[in-house]
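Q: Sending over work_22.txt (compact mmCIF, C-alpha atoms and all ligand atoms).
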# COMPACT_ATOMS: atom_id res chain seq x y z
CA MET A 4 -13.86 31.30 7.01
CA LYS A 5 -13.06 27.90 5.56
CA LEU A 6 -10.76 26.73 2.79
CA PHE A 7 -10.90 23.31 1.14
CA VAL A 8 -8.77 21.18 -1.16
CA LYS A 9 -10.19 17.99 -2.61
CA ASP A 10 -7.94 15.14 -3.78
CA LEU A 11 -4.93 16.75 -2.11
CA THR A 12 -2.97 13.51 -2.39
CA VAL A 13 -3.33 9.74 -2.28
CA ILE A 14 -2.04 7.59 0.57
CA ASP A 15 -0.82 4.24 -0.79
CA SER A 16 -0.07 2.05 2.21
CA THR A 17 -0.75 -1.32 3.77
CA TYR A 18 -2.32 -1.95 7.14
CA LEU A 19 -2.37 -4.99 9.40
CA CYS A 20 -5.81 -6.52 9.85
CA PRO A 21 -6.59 -9.54 12.07
CA ASP A 22 -8.97 -11.02 9.44
CA ARG A 23 -7.49 -9.94 6.13
CA GLY A 24 -3.77 -9.90 7.00
CA LEU A 25 -1.79 -7.38 4.95
CA VAL A 26 -4.28 -5.06 3.26
CA GLY A 27 -3.00 -2.79 0.48
CA GLU A 28 -5.07 0.37 0.45
CA SER A 29 -5.33 3.72 -1.36
CA TRP A 30 -7.03 6.64 0.35
CA LEU A 31 -7.82 9.94 -1.35
CA VAL A 32 -7.28 12.87 0.99
CA ASP A 33 -9.58 15.92 1.20
CA ILE A 34 -8.90 18.71 3.67
CA GLU A 35 -10.75 21.69 5.08
CA LEU A 36 -9.05 24.46 7.04
CA GLY A 37 -10.78 26.98 9.31
CA GLY A 38 -9.43 30.18 10.86
CA SER A 39 -8.73 33.85 10.19
CA LEU A 40 -7.17 35.57 7.18
CA ASN A 41 -3.44 36.28 7.11
CA ASP A 42 -1.54 39.31 5.70
CA MET A 43 -2.28 38.10 2.14
CA ASP A 44 -6.04 37.92 2.89
CA MET A 45 -5.81 34.16 2.68
CA LEU A 46 -6.27 31.40 5.19
CA LEU A 47 -3.21 29.75 3.63
CA ASP A 48 -1.81 29.96 0.09
CA PHE A 49 -3.02 26.88 -1.85
CA GLY A 50 0.58 26.33 -2.92
CA GLN A 51 1.59 26.09 0.74
CA VAL A 52 -1.42 23.94 1.66
CA LYS A 53 -0.58 21.39 -0.99
CA LYS A 54 3.17 21.37 -0.38
CA LEU A 55 3.08 21.33 3.42
CA ILE A 56 0.27 18.85 3.97
CA LYS A 57 1.33 16.49 1.18
CA ARG A 58 4.88 16.47 2.54
CA LEU A 59 3.66 15.60 6.03
CA ILE A 60 1.39 12.84 4.73
CA ASP A 61 4.18 11.46 2.53
CA GLU A 62 6.61 11.46 5.47
CA LYS A 63 4.26 10.02 8.09
CA VAL A 64 1.92 7.53 6.39
CA ASP A 65 2.45 7.11 2.64
CA HIS A 66 4.15 3.86 1.55
CA LYS A 67 4.31 2.59 5.11
CA LEU A 68 2.99 -0.41 6.99
CA LEU A 69 0.29 0.92 9.33
CA VAL A 70 0.33 -0.98 12.62
CA PRO A 71 -2.45 -0.94 15.24
CA ASN A 72 -0.28 -0.22 18.27
CA ARG A 73 -2.86 -1.30 20.85
CA SER A 74 -3.76 -4.60 19.25
CA PRO A 75 -3.02 -7.52 21.57
CA LEU A 76 -1.80 -9.38 18.46
CA CYS A 77 1.16 -7.01 17.96
CA LYS A 78 4.56 -7.77 19.49
CA VAL A 79 7.19 -5.15 18.73
CA LYS A 80 10.96 -5.15 19.27
CA THR A 81 13.14 -2.20 18.31
CA GLY A 82 16.86 -1.51 18.18
CA GLU A 83 19.64 -0.24 15.94
CA GLY A 84 17.27 1.43 13.51
CA TYR A 85 15.20 -1.69 12.89
CA THR A 86 11.79 -2.83 14.12
CA GLN A 87 10.73 -6.45 14.36
CA LEU A 88 7.01 -6.91 14.36
CA ASP A 89 5.14 -10.15 15.07
CA PHE A 90 1.43 -9.96 14.30
CA MET A 91 0.13 -13.07 16.04
CA ARG A 92 -3.10 -13.78 14.19
CA PRO A 93 -4.79 -17.05 15.19
CA HIS A 94 -5.10 -20.22 13.06
CA GLY A 95 -1.47 -20.19 11.92
CA LYS A 96 -1.85 -16.91 10.03
CA SER A 97 0.83 -14.95 11.85
CA ILE A 98 2.77 -12.26 9.96
CA HIS A 99 6.36 -11.28 10.83
CA LEU A 100 8.56 -8.47 9.62
CA ARG A 101 11.90 -6.91 10.36
CA CYS A 102 12.45 -3.64 8.51
CA PRO A 103 14.05 -0.22 8.95
CA ASP A 104 12.03 1.85 11.46
CA GLU A 105 10.87 4.27 8.76
CA ALA A 106 8.90 1.49 7.03
CA TYR A 107 6.24 1.57 9.80
CA THR A 108 3.70 3.95 11.26
CA PHE A 109 2.18 3.03 14.60
CA ILE A 110 -1.45 4.07 14.98
CA ASP A 111 -2.61 4.38 18.57
CA SER A 112 -5.63 2.08 18.35
CA VAL A 113 -6.64 -1.59 18.41
CA GLU A 114 -7.35 -1.58 14.67
CA VAL A 115 -6.41 0.62 11.74
CA SER A 116 -9.89 1.97 11.09
CA ASN A 117 -10.61 4.97 8.90
CA GLU A 118 -11.35 6.98 12.08
CA ALA A 119 -8.07 6.02 13.77
CA LEU A 120 -5.98 6.82 10.70
CA THR A 121 -7.83 10.09 10.11
CA ALA A 122 -7.19 11.14 13.73
CA TYR A 123 -3.49 10.28 13.35
CA VAL A 124 -3.13 12.29 10.14
CA LYS A 125 -5.07 15.20 11.63
CA ASN A 126 -2.75 15.40 14.65
CA VAL A 127 0.36 15.25 12.50
CA VAL A 128 -0.84 18.07 10.24
CA LEU A 129 -2.47 20.29 12.87
CA GLU A 130 0.69 20.83 14.84
CA GLN A 131 2.53 22.16 11.75
CA LEU A 132 -0.09 24.67 10.59
CA PRO A 133 0.40 28.44 11.10
CA ALA A 134 -1.28 30.10 14.09
CA ASN A 135 -4.13 31.70 12.07
CA ILE A 136 -5.49 28.19 11.26
CA GLN A 137 -7.56 26.94 14.18
CA ASP A 138 -9.55 24.10 12.62
CA LEU A 139 -8.68 21.24 10.37
CA ALA A 140 -10.94 18.55 8.96
CA ILE A 141 -9.41 15.63 7.09
CA THR A 142 -11.40 13.13 5.05
CA LEU A 143 -9.83 9.88 3.89
CA ARG A 144 -11.99 8.19 1.28
CA HIS A 145 -11.85 5.41 -1.25
CA GLU A 146 -11.95 6.08 -4.95
CA SER A 147 -15.39 5.23 -6.26
CA ILE A 148 -14.78 2.26 -8.58
CA ASP A 149 -17.66 0.87 -10.67
CA GLY A 150 -16.01 -2.37 -11.71
CA PRO A 151 -13.67 -4.98 -10.22
CA TYR A 152 -10.64 -4.02 -8.10
CA TYR A 153 -8.15 -5.74 -5.85
CA HIS A 154 -5.99 -4.88 -2.83
CA TYR A 155 -2.36 -5.90 -3.08
CA SER A 156 0.76 -5.31 -1.02
CA HIS A 157 4.29 -5.57 -2.33
CA GLY A 158 7.78 -4.09 -2.25
CA LEU A 159 10.01 -3.03 -5.13
CA LYS A 160 13.58 -3.61 -4.04
CA LYS A 161 15.03 -1.79 -7.06
CA HIS A 162 12.99 1.39 -6.51
CA ASP A 163 15.03 4.36 -5.37
CA GLY A 164 12.10 5.82 -3.42
CA ASN A 165 9.71 4.54 -0.77
CA CYS A 166 8.24 1.78 -2.96
CA GLN A 167 11.25 -0.31 -1.90
CA ARG A 168 9.46 -0.87 1.44
CA ILE A 169 8.50 -4.52 1.50
CA ALA A 170 4.92 -4.06 2.67
CA HIS A 171 3.14 -1.10 1.12
CA GLY A 172 0.13 -1.43 -1.13
CA HIS A 173 -2.71 -0.19 -3.22
CA ARG A 174 -6.42 -0.56 -3.93
CA SER A 175 -6.46 -0.91 -7.67
CA THR A 176 -8.91 -1.20 -10.55
CA ILE A 177 -8.42 -4.07 -12.98
CA GLU A 178 -9.91 -3.99 -16.50
CA ILE A 179 -9.60 -6.71 -19.12
CA GLN A 180 -10.70 -6.61 -22.74
CA VAL A 181 -11.05 -9.72 -24.89
CA ASP A 182 -11.20 -9.07 -28.66
CA GLY A 183 -11.96 -5.41 -27.95
CA GLU A 184 -14.82 -6.02 -25.47
CA TYR A 185 -14.64 -5.50 -21.71
CA ASP A 186 -14.86 -8.85 -19.93
CA ILE A 187 -16.16 -8.12 -16.44
CA ASP A 188 -16.17 -11.79 -15.39
CA LEU A 189 -12.51 -12.21 -16.24
CA ALA A 190 -11.55 -9.00 -14.42
CA THR A 191 -13.69 -10.10 -11.46
CA SER A 192 -11.85 -13.42 -11.29
CA TRP A 193 -8.51 -11.56 -10.89
CA ALA A 194 -10.11 -9.20 -8.40
CA MET A 195 -11.18 -12.23 -6.34
CA LYS A 196 -7.80 -13.95 -6.71
CA TRP A 197 -5.92 -10.85 -5.53
CA ARG A 198 -8.63 -9.58 -3.16
CA ASN A 199 -6.18 -9.31 -0.21
CA ILE A 200 -2.90 -10.51 -1.53
CA TYR A 201 0.81 -10.11 -1.00
CA LEU A 202 2.57 -10.17 -4.38
CA GLY A 203 6.07 -11.53 -3.82
CA SER A 204 8.84 -11.74 -6.35
CA GLU A 205 10.37 -15.17 -6.90
CA SER A 206 13.84 -13.62 -6.66
CA ASP A 207 13.16 -12.42 -3.08
CA GLU A 208 11.92 -15.72 -1.66
CA ILE A 209 14.31 -17.26 0.86
CA SER A 210 14.28 -20.22 3.19
CA GLN A 211 12.72 -19.56 6.62
CA GLN A 212 16.01 -20.59 8.28
CA ASP A 213 17.70 -17.62 6.61
CA ILE A 214 15.40 -15.09 8.26
CA SER A 215 17.47 -13.15 10.83
CA PHE A 216 14.93 -13.66 13.62
CA TYR A 217 14.19 -17.32 12.82
CA GLN A 218 13.73 -19.24 16.07
CA GLN A 219 14.08 -23.02 15.75
CA GLN A 220 10.39 -23.72 15.25
CA ALA A 221 9.38 -23.25 11.61
CA TRP A 222 6.36 -21.17 10.73
CA GLN A 223 3.70 -23.46 9.28
CA ASP A 224 2.67 -22.83 5.66
CA HIS A 225 4.49 -19.52 5.43
CA TYR A 226 6.69 -17.97 2.76
CA ALA A 227 9.73 -15.89 3.67
CA PHE A 228 11.01 -12.96 1.61
CA ALA A 229 14.05 -10.73 2.13
CA TYR A 230 16.08 -8.18 0.24
CA GLN A 231 18.61 -5.43 0.63
CA SER A 232 17.73 -2.05 -0.84
CA PRO A 233 18.99 1.51 -0.30
CA GLN A 234 16.90 2.09 2.87
CA GLY A 235 18.15 -1.13 4.49
CA PHE A 236 17.41 -4.83 4.84
CA PHE A 237 13.78 -5.91 4.63
CA GLU A 238 12.37 -9.26 5.81
CA LEU A 239 8.82 -10.60 5.71
CA VAL A 240 7.23 -13.93 6.67
CA LEU A 241 3.55 -14.46 5.88
CA PRO A 242 0.94 -17.17 5.19
CA LYS A 243 1.21 -18.91 1.82
CA GLN A 244 -2.53 -18.71 1.28
CA GLU A 245 -2.36 -14.89 1.35
CA THR A 246 0.56 -14.73 -1.10
CA ASP A 247 1.08 -15.04 -4.84
CA ILE A 248 4.65 -15.44 -6.06
CA LEU A 249 5.43 -13.93 -9.46
CA PRO A 250 8.43 -14.65 -11.70
CA CYS A 251 9.26 -10.92 -11.89
CA GLU A 252 9.49 -7.69 -9.92
CA THR A 253 5.97 -6.55 -9.05
CA THR A 254 5.97 -3.23 -10.91
CA VAL A 255 2.58 -2.46 -12.39
CA GLU A 256 4.04 -2.93 -15.89
CA ASN A 257 5.00 -6.49 -14.93
CA LEU A 258 1.64 -7.14 -13.23
CA ALA A 259 -0.24 -6.14 -16.39
CA ALA A 260 2.07 -8.31 -18.52
CA TYR A 261 1.80 -11.22 -16.08
CA ILE A 262 -2.01 -11.17 -16.15
CA ALA A 263 -2.02 -10.88 -19.97
CA SER A 264 0.47 -13.73 -20.48
CA THR A 265 -1.31 -15.95 -17.94
CA LEU A 266 -4.61 -15.41 -19.77
CA ALA A 267 -3.03 -15.83 -23.22
CA LYS A 268 -2.01 -19.38 -22.31
CA VAL A 269 -5.63 -20.44 -21.87
CA MET A 270 -7.26 -18.10 -24.42
CA GLU A 271 -5.50 -18.95 -27.63
CA GLY A 272 -6.76 -17.12 -30.70
CA HIS A 273 -8.02 -14.09 -28.74
CA SER A 274 -6.64 -10.58 -28.51
CA LEU A 275 -6.24 -9.40 -24.93
CA LYS A 276 -5.80 -6.01 -23.32
CA VAL A 277 -5.08 -5.77 -19.58
CA ILE A 278 -5.35 -2.37 -17.92
CA ALA A 279 -3.87 -2.74 -14.44
CA TYR A 280 -3.99 0.24 -12.09
CA GLU A 281 -1.57 0.96 -9.29
CA GLY A 282 -3.70 2.83 -6.78
CA VAL A 283 -5.66 5.77 -8.20
CA GLY A 284 -5.47 7.14 -11.74
CA LYS A 285 -2.30 5.46 -12.97
CA GLY A 286 -1.18 2.06 -14.14
CA ALA A 287 0.02 0.02 -17.10
CA ILE A 288 -1.47 -1.59 -20.20
CA SER A 289 -0.34 -4.87 -21.66
CA GLU A 290 -1.71 -6.21 -24.94
CA VAL A 291 -1.56 -9.59 -26.64
CA TYR A 292 -2.56 -9.61 -30.34
CA ARG A 293 -3.83 -12.60 -32.34
N1 LIG A 301 6.53 3.01 -13.92
C1 LIG A 301 6.34 2.68 -12.61
N2 LIG A 301 6.65 3.59 -11.66
C2 LIG A 301 6.44 3.28 -10.35
C3 LIG A 301 5.90 2.02 -10.00
C4 LIG A 301 5.63 1.08 -11.04
O1 LIG A 301 5.18 -0.05 -10.79
N3 LIG A 301 5.86 1.45 -12.31
N4 LIG A 301 5.66 1.74 -8.70
C5 LIG A 301 5.88 2.60 -7.73
C6 LIG A 301 5.52 2.26 -6.32
O2 LIG A 301 5.00 0.95 -6.22
C7 LIG A 301 4.62 3.27 -5.62
O3 LIG A 301 3.83 2.66 -4.62
C8 LIG A 301 3.72 4.08 -6.48
O4 LIG A 301 3.23 5.11 -5.69
P1 LIG A 301 3.11 6.63 -6.11
O5 LIG A 301 1.99 7.15 -5.30
O6 LIG A 301 3.02 6.82 -7.57
O7 LIG A 301 4.47 7.24 -5.67
P2 LIG A 301 4.77 8.67 -5.20
O8 LIG A 301 4.57 8.73 -3.73
O9 LIG A 301 6.14 8.97 -5.68
O10 LIG A 301 3.73 9.63 -5.90
P3 LIG A 301 2.82 10.72 -5.23
O11 LIG A 301 2.07 11.35 -6.36
O12 LIG A 301 3.75 11.64 -4.53
O13 LIG A 301 1.91 10.03 -4.24
C9 LIG A 301 6.54 3.89 -8.01
N5 LIG A 301 6.72 4.17 -9.37
What is this file in structure tokens?
Ligand SMILES: Nc1nc2c(c(=O)[nH]1)N=C([C@H](O)[C@H](O)COP(=O)(O)OP(=O)(O)OP(=O)(O)O)CN2
A:
Amino acid sequence: MKLFVKDLTVIDSTYLCPDRGLVGESWLVDIELGGSLNDMDMLLDFGQVKKLIKRLIDEKVDHKLLVPNRSPLCKVKTGEGYTQLDFMRPHGKSIHLRCPDEAYTFIDSVEVSNEALTAYVKNVVLEQLPANIQDLAITLRHESIDGPYYHYSHGLKKHDGNCQRIAHGHRSTIEIQVDGEYDIDLATSWAMKWRNIYLGSESDEISQQDISFYQQQAWQDHYAFAYQSPQGFFELVLPKQETDILPCETTVENLAAYIASTLAKVMEGHSLKVIAYEGVGKGAISEVYR
């Protein structure tokens, strides 16, 4: 007997990639359970399936930085509840973080592939399932998006939940209408601009020398960001060319407004509507009327 749940939850996280750097990603989760019926003639009550598995996924991978533990590029130091991570990409594109331990998930592989992450999630869930469930299949898949989309990573220091983590992210649709008509080219230009981007807030940028693990030699062409939030102190150093600094917190409301106001400056006389998603199925709309 098998039981399935499609779209059980969405994982919104960021992973470290040697080529792309910080990659904000959103994975839809489908599950399939196999085993024998329990006293209620069920494999597992859907209510339990959703609650238990979503909780485990939220705790272990959602809103985290996913780190390929076996990558030779990763150097990790831990102590006192904090982890410092140096991701030594070549060509001056190194990425450095120091964050509370709970901001990371270490995946036992050389890269954070779909297979490696799926295996990690499967192990986490399998060991918590009741004895009548013998099989578990997990599918992590991307939302099918017809139009333009981007991948961004960010952190919301004022958020009282896990979005305060400085490097979590999303794969997000972007739609733009000009005078009531969808403008695919314009949306595509933002999708290209923010293809693999870290969106930093101007108020969080600090000098490299103020980073707690700064070591004499400056990082070339890097920005440094840091902030205190309820989960602890977060620090991030990353290449300028993979970063866009915004004059606001990077909530999706502000991203939609930022795109609309940036476009309004060069598109005088036109009405604009920006529909910016944050991950799957949610987002913000900002309109400029003429
Ligand atoms: N109005 C807004 N609310 C939230 C924003 C925002 O920009 N505007 N942003 C966030 C975080 O960035 C977060 O990454 C959003 O993730 P989400 O999946 O919605 O958060 P949850 O884990 O709480 O939701 P689940 O349905 O449990 O996955 C938060 N809110």
Q: Take every atom of ligand LIG 301 (chain A) listed in the file, pad by 3 Å on each side, and give me the axis-aligned box centre and edge lengths in Å, one decimal, as JSON.
A:
{"center_x": 4.3, "center_y": 5.8, "center_z": -8.8, "size_x": 10.8, "size_y": 17.7, "size_z": 16.2}
Q: Can you tell me which residues sit at most 10 Å away from ligand LIG 301 (chain A), counting only C-alpha atoms and all ligand atoms, written as an MDAnalysis selection string?
A: chainID A and resid 11:16 29 57:58 60:62 65:67 156:160 162:168 170:173 252:259 280:287
Q: Quick one: of A:Val181, A:Ile248, A:Val113, A:Leu241, who's nearest to A:Ser204, counting all atoms listed in the file?
A: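 When distances to A:Ser204 are compared using all atoms listed in the file, the smallest one comes from A:Ile248.
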Q: Compare A:Thr121, A:Gln234, A:Ser210, A:Ser74 by their minimum atom-to-atom distance to A:Ile169, counting all atoms listed in the file, and give me the closest one.
A: A:Gln234
Q: Kindly indicate which residue among A:Cys77, A:Val128, A:Leu25, A:Leu189 lies nearest to A:Ile141, using all atoms listed in the file for the distances.
A: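 Smallest distance to A:Ile141 is found for A:Val128.
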Q: Nearest to A:Tyr201: which of A:Lys80, A:Lys268, A:His225, A:Arg92 is it, counting only C-alpha atoms?
A: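 Using only C-alpha atoms, A:Tyr201 sits closest to A:His225.
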Q: Fewer than 3 positions away in the same chain doesn't count, so skip those; otherwise give me all residues within 9 Å of A:Ile110, counting all atoms listed in the file, as a ChimeraX atom specification.
A: /A:69-73,113-115,119-120,123
Q: Using all atoms listed in the file for the distances, tell me which of A:Trp197, A:Phe49, A:Trp222, A:Phe237 is nearest to A:Gly95.
A: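 Using all atoms listed in the file, the shortest distance to A:Gly95 belongs to A:Trp222.
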Q: A:Tyr292: which residues within 9 Å, counting only C-alpha atoms, same-chain residues fewer than 3 positions away excluded, as a list in words?
A: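 Those residues are Asp182, Gly272, His273, Ser274, Leu275 and Lys276 of chain A.
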Q: Just the residues within 7 Å of stretch 38-45 of chain A, please, counting all atoms listed in the file, with nothing from its chain fewer than 4 positions along; format it as a PyMOL selection string.
A: chain A and resi 4-5+135-138
Q: Please identify all polymer residues lying at most 10 Å from the point (-4.1, -6.7, 6.4) (file coordinates), using only C-alpha atoms, and present the result as a PyMOL selection string.
A: chain A and resi 17-28+68-70+98+115+154-156+199-201+245
Q: Quick one: residues within 7 Å of A:Tyr153, only C-alpha atoms counted, chain neighbours fewer than 5 positions away excluded, as JSON, numbers by chain?
A: {"A": [174, 175, 176, 194, 197, 198, 199]}
Q: Excluding A:His99 and its own-chain neighbours fewer than 6 positions away, which residues fall within 7 Å of it when counting only C-alpha atoms? Please give them as a list in words.
A: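 My reading of the contact set: Leu88, Asp89, Phe90, Leu239, Val240 and Leu241 of chain A.
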Q: Work out how far atom CA of A:Gly50 is from atom CA of A:Glu130, in Å to one decimal.
A: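 Value for the atom CA of A:Glu130-atom CA of A:Gly50 distance: 18.6 Å.
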Q: Go ahead and compute the interatomic distance for atom CA of A:Glu35 and atom CA of A:Leu139, in Å to one decimal.
A: 5.7 Å
Q: Which one is closest to A:Lys96: A:Pro151, A:Leu76, A:Ile209, A:Thr265? Count all atoms listed in the file.
A: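 When distances to A:Lys96 are compared using all atoms listed in the file, the smallest one comes from A:Leu76.
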Q: How many Å separate atom CA of A:Lys9 from atom CA of A:Asp33?
A: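 Atom CA of A:Lys9 sits 4.4 Å away from atom CA of A:Asp33.
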